[in-house]
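J.: This is the content of query-v5.cif (mmCIF, C-alpha atoms):
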data_run
#
loop_
_atom_site.group_PDB
_atom_site.id
_atom_site.type_symbol
_atom_site.label_atom_id
_atom_site.label_comp_id
_atom_site.auth_asym_id
_atom_site.auth_seq_id
_atom_site.Cartn_x
_atom_site.Cartn_y
_atom_site.Cartn_z
ATOM 1 C CA MET E 1 0.000 0.000 0.000
ATOM 2 C CA GLU E 2 1.503 3.274 -1.105
ATOM 3 C CA LYS E 3 0.720 6.958 -0.941
ATOM 4 C CA GLY E 4 -2.166 7.752 -3.289
ATOM 5 C CA GLN E 5 -3.787 4.302 -3.061
ATOM 6 C CA LYS E 6 -7.210 3.674 -1.533
ATOM 7 C CA ILE E 7 -7.122 1.273 1.417
ATOM 8 C CA PRO E 8 -8.982 -2.060 1.275
ATOM 9 C CA ASP E 9 -12.482 -2.171 2.770
ATOM 10 C CA VAL E 10 -11.930 -5.072 5.200
ATOM 11 C CA LEU E 11 -9.710 -4.046 8.134
ATOM 12 C CA GLY E 12 -10.084 -6.980 10.529
ATOM 13 C CA TYR E 13 -12.244 -8.170 13.408
ATOM 14 C CA ASP E 14 -13.154 -6.365 16.612
ATOM 15 C CA ALA E 15 -13.333 -7.756 20.169
ATOM 16 C CA ASP E 16 -16.783 -9.221 19.442
ATOM 17 C CA GLY E 17 -15.555 -11.013 16.314
ATOM 18 C CA LYS E 18 -17.454 -8.578 14.061
ATOM 19 C CA GLU E 19 -15.843 -7.708 10.728
ATOM 20 C CA VAL E 20 -14.797 -4.054 10.633
ATOM 21 C CA LYS E 21 -14.574 -2.218 7.315
ATOM 22 C CA SER E 22 -13.129 1.114 6.281
ATOM 23 C CA SER E 23 -16.620 1.953 4.975
ATOM 24 C CA ASP E 24 -17.734 1.871 8.649
ATOM 25 C CA PHE E 25 -15.664 5.064 8.978
ATOM 26 C CA ALA E 26 -17.106 6.893 5.946
ATOM 27 C CA GLY E 27 -15.912 10.488 5.782
ATOM 28 C CA GLN E 28 -13.352 10.016 8.574
ATOM 29 C CA LYS E 29 -9.605 10.446 8.245
ATOM 30 C CA LEU E 30 -7.785 7.370 9.583
ATOM 31 C CA ILE E 31 -4.511 6.484 11.259
ATOM 32 C CA ILE E 32 -4.057 2.730 10.747
ATOM 33 C CA TYR E 33 -1.059 1.281 12.478
ATOM 34 C CA PHE E 34 0.148 -2.285 12.076
ATOM 35 C CA TYR E 35 2.195 -3.774 14.879
ATOM 36 C CA PRO E 36 3.709 -7.226 15.460
ATOM 37 C CA LYS E 37 2.417 -8.350 18.878
ATOM 38 C CA ASP E 38 0.411 -7.284 21.931
ATOM 39 C CA ASN E 39 2.311 -6.758 25.191
ATOM 40 C CA THR E 40 5.814 -6.659 23.716
ATOM 41 C CA PRO E 41 8.048 -3.698 24.666
ATOM 42 C CA GLY E 42 8.041 -1.907 21.294
ATOM 43 C CA CYS E 43 4.360 -2.477 20.608
ATOM 44 C CA THR E 44 3.408 -1.348 24.111
ATOM 45 C CA ALA E 45 5.537 1.812 23.761
ATOM 46 C CA GLU E 46 3.884 2.588 20.427
ATOM 47 C CA ALA E 47 0.350 2.003 21.735
ATOM 48 C CA CYS E 48 0.981 4.123 24.833
ATOM 49 C CA SER E 49 2.457 6.946 22.730
ATOM 50 C CA LEU E 50 -0.683 6.914 20.570
ATOM 51 C CA ARG E 51 -2.895 6.780 23.678
ATOM 52 C CA ASP E 52 -1.129 9.801 25.170
ATOM 53 C CA GLY E 53 -1.237 11.718 21.883
ATOM 54 C CA LEU E 54 -4.829 10.779 21.051
ATOM 55 C CA PRO E 55 -6.411 14.121 22.068
ATOM 56 C CA GLN E 56 -4.147 15.991 19.612
ATOM 57 C CA ILE E 57 -4.639 13.350 16.898
ATOM 58 C CA GLU E 58 -8.413 13.498 17.297
ATOM 59 C CA ALA E 59 -8.261 17.317 17.298
ATOM 60 C CA GLU E 60 -6.794 16.999 13.773
ATOM 61 C CA GLY E 61 -9.855 14.917 12.836
ATOM 62 C CA TYR E 62 -8.318 11.427 12.793
ATOM 63 C CA THR E 63 -9.565 8.080 14.091
ATOM 64 C CA VAL E 64 -6.856 5.643 15.274
ATOM 65 C CA ILE E 65 -7.033 1.907 14.507
ATOM 66 C CA GLY E 66 -4.402 -0.644 15.529
ATOM 67 C CA ILE E 67 -4.126 -3.961 13.682
ATOM 68 C CA SER E 68 -2.127 -7.078 14.556
ATOM 69 C CA LYS E 69 -2.279 -10.836 14.120
ATOM 70 C CA ASP E 70 -3.233 -11.288 17.790
ATOM 71 C CA SER E 71 -6.641 -12.647 18.773
ATOM 72 C CA PRO E 72 -9.544 -10.450 19.894
ATOM 73 C CA ALA E 73 -9.078 -11.836 23.445
ATOM 74 C CA SER E 74 -5.414 -10.787 23.425
ATOM 75 C CA HIS E 75 -6.415 -7.303 22.228
ATOM 76 C CA LEU E 76 -8.967 -6.983 25.043
ATOM 77 C CA LYS E 77 -6.318 -7.760 27.669
ATOM 78 C CA PHE E 78 -3.751 -5.454 26.009
ATOM 79 C CA ALA E 79 -6.218 -2.546 25.721
ATOM 80 C CA SER E 80 -7.438 -3.000 29.280
ATOM 81 C CA LYS E 81 -3.952 -3.296 30.787
ATOM 82 C CA HIS E 82 -2.752 -0.078 29.110
ATOM 83 C CA GLN E 83 -6.080 1.849 28.986
ATOM 84 C CA LEU E 84 -6.016 2.058 25.188
ATOM 85 C CA PRO E 85 -9.014 4.151 24.069
ATOM 86 C CA PHE E 86 -8.832 3.293 20.361
ATOM 87 C CA ILE E 87 -9.879 0.324 18.249
ATOM 88 C CA LEU E 88 -7.636 -2.744 18.044
ATOM 89 C CA LEU E 89 -8.474 -5.161 15.244
ATOM 90 C CA SER E 90 -7.484 -8.775 14.857
ATOM 91 C CA ASP E 91 -6.081 -10.133 11.593
ATOM 92 C CA GLU E 92 -5.326 -13.729 12.547
ATOM 93 C CA SER E 93 -5.416 -14.856 8.891
ATOM 94 C CA THR E 94 -2.945 -12.064 7.918
ATOM 95 C CA GLU E 95 -5.154 -11.216 4.906
ATOM 96 C CA VAL E 96 -5.312 -7.537 5.917
ATOM 97 C CA ASN E 97 -1.562 -7.450 6.631
ATOM 98 C CA GLN E 98 -0.985 -8.878 3.166
ATOM 99 C CA ALA E 99 -3.407 -6.444 1.507
ATOM 100 C CA PHE E 100 -1.483 -3.515 3.047
ATOM 101 C CA GLY E 101 1.879 -5.106 2.166
ATOM 102 C CA VAL E 102 3.154 -5.321 5.752
ATOM 103 C CA TRP E 103 3.292 -9.155 5.979
ATOM 104 C CA GLN E 104 6.915 -9.708 5.000
ATOM 105 C CA LYS E 105 9.945 -11.905 5.497
ATOM 106 C CA LYS E 106 11.820 -10.924 8.669
ATOM 107 C CA LYS E 107 15.044 -12.106 10.295
ATOM 108 C CA MET E 108 15.822 -12.582 13.968
ATOM 109 C CA ALA E 109 18.724 -14.486 15.499
ATOM 110 C CA GLY E 110 19.646 -15.860 12.078
ATOM 111 C CA ARG E 111 16.166 -17.276 11.538
ATOM 112 C CA GLU E 112 13.882 -16.163 8.719
ATOM 113 C CA TYR E 113 10.131 -16.047 9.213
ATOM 114 C CA MET E 114 7.047 -14.172 8.004
ATOM 115 C CA GLY E 115 5.759 -11.410 10.233
ATOM 116 C CA THR E 116 4.186 -7.975 10.474
ATOM 117 C CA VAL E 117 6.495 -5.082 9.656
ATOM 118 C CA ARG E 118 5.579 -2.166 11.936
ATOM 119 C CA THR E 119 4.016 0.445 9.632
ATOM 120 C CA THR E 120 1.588 3.368 9.992
ATOM 121 C CA PHE E 121 -0.772 4.522 7.237
ATOM 122 C CA ILE E 122 -2.446 7.930 7.311
ATOM 123 C CA THR E 123 -5.501 8.453 5.093
ATOM 124 C CA ASP E 124 -7.712 11.326 4.085
ATOM 125 C CA ALA E 125 -11.502 11.262 4.557
ATOM 126 C CA ASP E 126 -11.865 9.261 1.309
ATOM 127 C CA HIS E 127 -9.461 6.635 2.729
ATOM 128 C CA VAL E 128 -6.720 7.386 0.238
ATOM 129 C CA VAL E 129 -3.250 7.001 1.776
ATOM 130 C CA THR E 130 -1.591 10.397 2.299
ATOM 131 C CA HIS E 131 1.453 9.220 4.306
ATOM 132 C CA VAL E 132 3.206 5.925 5.081
ATOM 133 C CA ILE E 133 5.545 5.711 8.078
ATOM 134 C CA THR E 134 7.884 2.737 7.737
ATOM 135 C CA LYS E 135 10.490 3.794 10.302
ATOM 136 C CA VAL E 136 8.183 4.082 13.297
ATOM 137 C CA ASP E 137 9.715 5.557 16.457
ATOM 138 C CA THR E 138 7.704 3.504 18.951
ATOM 139 C CA LYS E 139 8.256 5.915 21.856
ATOM 140 C CA LYS E 140 7.319 8.939 19.738
ATOM 141 C CA ALA E 141 4.710 7.449 17.371
ATOM 142 C CA ALA E 142 2.118 10.145 18.106
ATOM 143 C CA GLU E 143 4.671 12.932 17.570
ATOM 144 C CA GLN E 144 5.710 11.351 14.250
ATOM 145 C CA ILE E 145 2.104 11.312 13.072
ATOM 146 C CA LEU E 146 1.346 14.825 14.275
ATOM 147 C CA SER E 147 4.406 16.188 12.476
ATOM 148 C CA LEU E 148 2.868 14.953 9.186
ATOM 149 C CA VAL E 149 -0.754 15.980 9.664
#
What would the structure in this file look like if it were written as structure tokens?
T.:
Amino acid sequence: MEKGQKIPDVLGYDADGKEVKSSDFAGQKLIIYFYPKDNTPGCTAEACSLRDGLPQIEAEGYTVIGISKDSPASHLKFASKHQLPFILLSDESTEVNQAFGVWQKKKMAGREYMGTVRTTFITDADHVVTHVITKVDTKKAAEQILSLV
């Protein structure tokens, strides 16, 4: 998914297992951030940065949505533990990750595997990508976004 492209309609599943679509957010500008795993240090830092910066992000007219491969139950625990006031969607099949191009080959400790590459997409109200952040500063994720919008 690149700047200028319209995002896919299906975004994942909410805590109740209901399919969530970008069309559910008609006319809203979106911040969609993909992250590898709930309750890991980097992902927690990123989520907490977005939580703390949410008033300023919302003041700019954006809705924040986090997406990972974790289950809805995992998201519920993660959101509750860190008081995350935005939507976390589950993409256990990785179809949404693949549609956005963030499901890629990764390396760790000499081992190759497929995983989510931490990426943030910013869209306009028509859900066309206006910015893509590939080098996310997890501790300053909200500041990174606000510097672009």
J.: Using only C-alpha atoms, can you tell me which of E:Leu54, E:Ile122, E:Ala141, E:Leu146 comes closest to Gly42 in chain E?
T.: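 Nearest candidate to Gly42 in chain E out of E:Leu54, E:Ile122, E:Ala141, E:Leu146: E:Ala141.
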J.: Which residues, protein or nucleic acid, reach to within 12 Å of (-2.8, 5.2, -2.9) in the file's coordinates when using all atoms listed in the file, and can you give that as a VMD selection string?
T.: chain E and resid 1 to 8 100 121 to 124 126 to 132
J.: Just so the selection is clear, what residues does the PyMOL selection byres ((chain E and resi 68) around 8) cover here, as JSON, numbers by chain?
T.: {"E": [34, 35, 36, 37, 38, 66, 67, 69, 70, 88, 89, 90, 91, 92, 97, 116]}
J.: The PyMOL selection byres ((chain E and resi 60) around 12) on the file shown: which residues, as a VMD selection string?
T.: chain E and resid 28 to 31 53 to 59 61 to 64 122 124 to 125 145 to 149
J.: Counting all atoms listed in the file, which of E:Asp137, E:Glu46, E:Asp52, E:Glu95 gets nearest to Tyr13 in chain E?
T.: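 Using all atoms listed in the file, Tyr13 in chain E sits closest to E:Glu95.
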J.: Could you state the separation of CA of Ser49 in chain E and CA of Lys139 in chain E in Å, given to one decimal place?
T.: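 Going from CA of Ser49 in chain E over to CA of Lys139 in chain E, I get 6.0 Å.
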J.: Can you measure CA of Ile133 in chain E to CA of His75 in chain E for me? One decimal in Å is fine.
T.: 22.6 Å
J.: Apply the PyMOL selection byres ((chain E and resi 22) around 7) to the structure shown and report the selected residues as a PyMOL selection string.
T.: chain E and resi 9-11+20-21+23-25
J.: Hey, can I get the axis-aligned box for range 70-83 of chain E? All listed atoms, 5 Å padding on each side, centre and edge lengths in Å to one decimal, as JSON.
T.:
{"center_x": -6.1, "center_y": -5.4, "center_z": 24.3, "size_x": 16.8, "size_y": 24.5, "size_z": 23.0}
J.: Take CA of Cys43 in chain E and CA of Thr119 in chain E and report the distance between them in Å, one decimal.
T.: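 It comes out at 11.4 Å.
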J.: When you count all atoms listed in the file, which of these residues is closest to Thr134 in chain E: E:Ile87, E:Ala45, E:Val102, E:Met108?
T.: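 Closest candidate: E:Val102.
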J.: Taking all atoms listed in the file into account, which of E:Met114, E:Val96, E:Leu76, E:Ala142 comes nearest Asp16 in chain E?
T.: E:Leu76
J.: Between E:Ile65, E:Glu19, E:Ser71, E:Lys77, single out the one closest to Asn39 in chain E, counting all atoms listed in the file.
T.: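 Of all the options, E:Lys77 lies closest to Asn39 in chain E.
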J.: For range 33-65 of chain E of the block above, can you save N, CA, C and O atoms as a compact mmCIF listing (two decimals), in the first residue's frame?
T.:
# COMPACT_ATOMS: atom_id res chain seq x y z
N TYR E 33 -2.42 1.72 12.19
CA TYR E 33 -1.06 1.28 12.48
C TYR E 33 -1.02 -0.22 12.67
O TYR E 33 -1.86 -0.81 13.34
N PHE E 34 -0.07 -0.84 11.98
CA PHE E 34 0.15 -2.28 12.08
C PHE E 34 1.31 -2.52 13.02
O PHE E 34 2.34 -1.85 12.92
N TYR E 35 1.14 -3.46 13.92
CA TYR E 35 2.20 -3.77 14.88
C TYR E 35 2.29 -5.29 15.05
O TYR E 35 1.31 -6.01 14.85
N PRO E 36 3.50 -5.78 15.42
CA PRO E 36 3.71 -7.23 15.46
C PRO E 36 2.96 -8.00 16.55
O PRO E 36 2.39 -9.05 16.28
N LYS E 37 2.96 -7.50 17.82
CA LYS E 37 2.42 -8.35 18.88
C LYS E 37 2.03 -7.56 20.12
O LYS E 37 2.79 -6.71 20.58
N ASP E 38 0.86 -7.89 20.67
CA ASP E 38 0.41 -7.28 21.93
C ASP E 38 1.42 -7.56 23.05
O ASP E 38 2.03 -8.64 23.10
N ASN E 39 1.53 -6.61 23.96
CA ASN E 39 2.31 -6.76 25.19
C ASN E 39 3.80 -7.04 25.00
O ASN E 39 4.43 -7.65 25.86
N THR E 40 4.36 -6.61 23.88
CA THR E 40 5.81 -6.66 23.72
C THR E 40 6.32 -5.23 23.94
O THR E 40 5.55 -4.27 23.80
N PRO E 41 7.58 -5.05 24.31
CA PRO E 41 8.05 -3.70 24.67
C PRO E 41 7.82 -2.63 23.60
O PRO E 41 7.27 -1.56 23.89
N GLY E 42 8.20 -2.90 22.35
CA GLY E 42 8.04 -1.91 21.29
C GLY E 42 6.58 -1.61 20.99
O GLY E 42 6.19 -0.45 20.82
N CYS E 43 5.78 -2.65 20.94
CA CYS E 43 4.36 -2.48 20.61
C CYS E 43 3.62 -1.76 21.74
O CYS E 43 2.73 -0.95 21.49
N THR E 44 4.01 -2.04 22.98
CA THR E 44 3.41 -1.35 24.11
C THR E 44 3.81 0.12 24.10
O THR E 44 2.96 1.01 24.31
N ALA E 45 5.08 0.42 23.82
CA ALA E 45 5.54 1.81 23.76
C ALA E 45 4.78 2.58 22.68
O ALA E 45 4.34 3.72 22.89
N GLU E 46 4.60 1.94 21.52
CA GLU E 46 3.88 2.59 20.43
C GLU E 46 2.43 2.86 20.80
O GLU E 46 1.91 3.97 20.61
N ALA E 47 1.75 1.85 21.36
CA ALA E 47 0.35 2.00 21.74
C ALA E 47 0.17 3.09 22.79
O ALA E 47 -0.75 3.90 22.72
N CYS E 48 1.08 3.12 23.77
CA CYS E 48 0.98 4.12 24.83
C CYS E 48 1.28 5.53 24.31
O CYS E 48 0.66 6.50 24.75
N SER E 49 2.19 5.65 23.36
CA SER E 49 2.46 6.95 22.73
C SER E 49 1.20 7.44 22.01
O SER E 49 0.82 8.61 22.14
N LEU E 50 0.54 6.54 21.28
CA LEU E 50 -0.68 6.91 20.57
C LEU E 50 -1.80 7.24 21.55
O LEU E 50 -2.57 8.19 21.34
N ARG E 51 -1.89 6.49 22.64
CA ARG E 51 -2.90 6.78 23.68
C ARG E 51 -2.68 8.19 24.23
O ARG E 51 -3.61 8.98 24.31
N ASP E 52 -1.43 8.50 24.57
CA ASP E 52 -1.13 9.80 25.17
C ASP E 52 -1.31 10.95 24.18
O ASP E 52 -1.65 12.07 24.58
N GLY E 53 -1.09 10.68 22.90
CA GLY E 53 -1.24 11.72 21.88
C GLY E 53 -2.62 11.77 21.24
O GLY E 53 -2.87 12.60 20.37
N LEU E 54 -3.51 10.89 21.69
CA LEU E 54 -4.83 10.78 21.05
C LEU E 54 -5.63 12.09 21.05
O LEU E 54 -6.23 12.42 20.02
N PRO E 55 -5.64 12.86 22.12
CA PRO E 55 -6.41 14.12 22.07
C PRO E 55 -5.96 15.04 20.92
O PRO E 55 -6.81 15.60 20.22
N GLN E 56 -4.65 15.15 20.70
CA GLN E 56 -4.15 15.99 19.61
C GLN E 56 -4.45 15.36 18.25
O GLN E 56 -4.78 16.08 17.29
N ILE E 57 -4.35 14.04 18.16
CA ILE E 57 -4.64 13.35 16.90
C ILE E 57 -6.11 13.52 16.54
O ILE E 57 -6.47 13.83 15.41
N GLU E 58 -6.97 13.33 17.54
CA GLU E 58 -8.41 13.50 17.30
C GLU E 58 -8.76 14.96 16.98
O GLU E 58 -9.66 15.22 16.18
N ALA E 59 -8.03 15.89 17.58
CA ALA E 59 -8.26 17.32 17.30
C ALA E 59 -7.98 17.64 15.83
O ALA E 59 -8.56 18.57 15.27
N GLU E 60 -7.09 16.84 15.21
CA GLU E 60 -6.79 17.00 13.77
C GLU E 60 -7.82 16.27 12.91
O GLU E 60 -7.72 16.26 11.68
N GLY E 61 -8.77 15.58 13.57
CA GLY E 61 -9.85 14.92 12.84
C GLY E 61 -9.62 13.47 12.47
O GLY E 61 -10.31 12.93 11.60
N TYR E 62 -8.66 12.81 13.13
CA TYR E 62 -8.32 11.43 12.79
C TYR E 62 -8.88 10.42 13.79
O TYR E 62 -8.99 10.70 14.98
N THR E 63 -9.18 9.23 13.28
CA THR E 63 -9.57 8.08 14.09
C THR E 63 -8.40 7.10 14.04
O THR E 63 -7.88 6.82 12.95
N VAL E 64 -7.99 6.57 15.19
CA VAL E 64 -6.86 5.64 15.27
C VAL E 64 -7.36 4.20 15.34
O VAL E 64 -8.26 3.88 16.11
N ILE E 65 -6.72 3.34 14.52
CA ILE E 65 -7.03 1.91 14.51
C ILE E 65 -5.72 1.14 14.51
O ILE E 65 -4.87 1.35 13.65
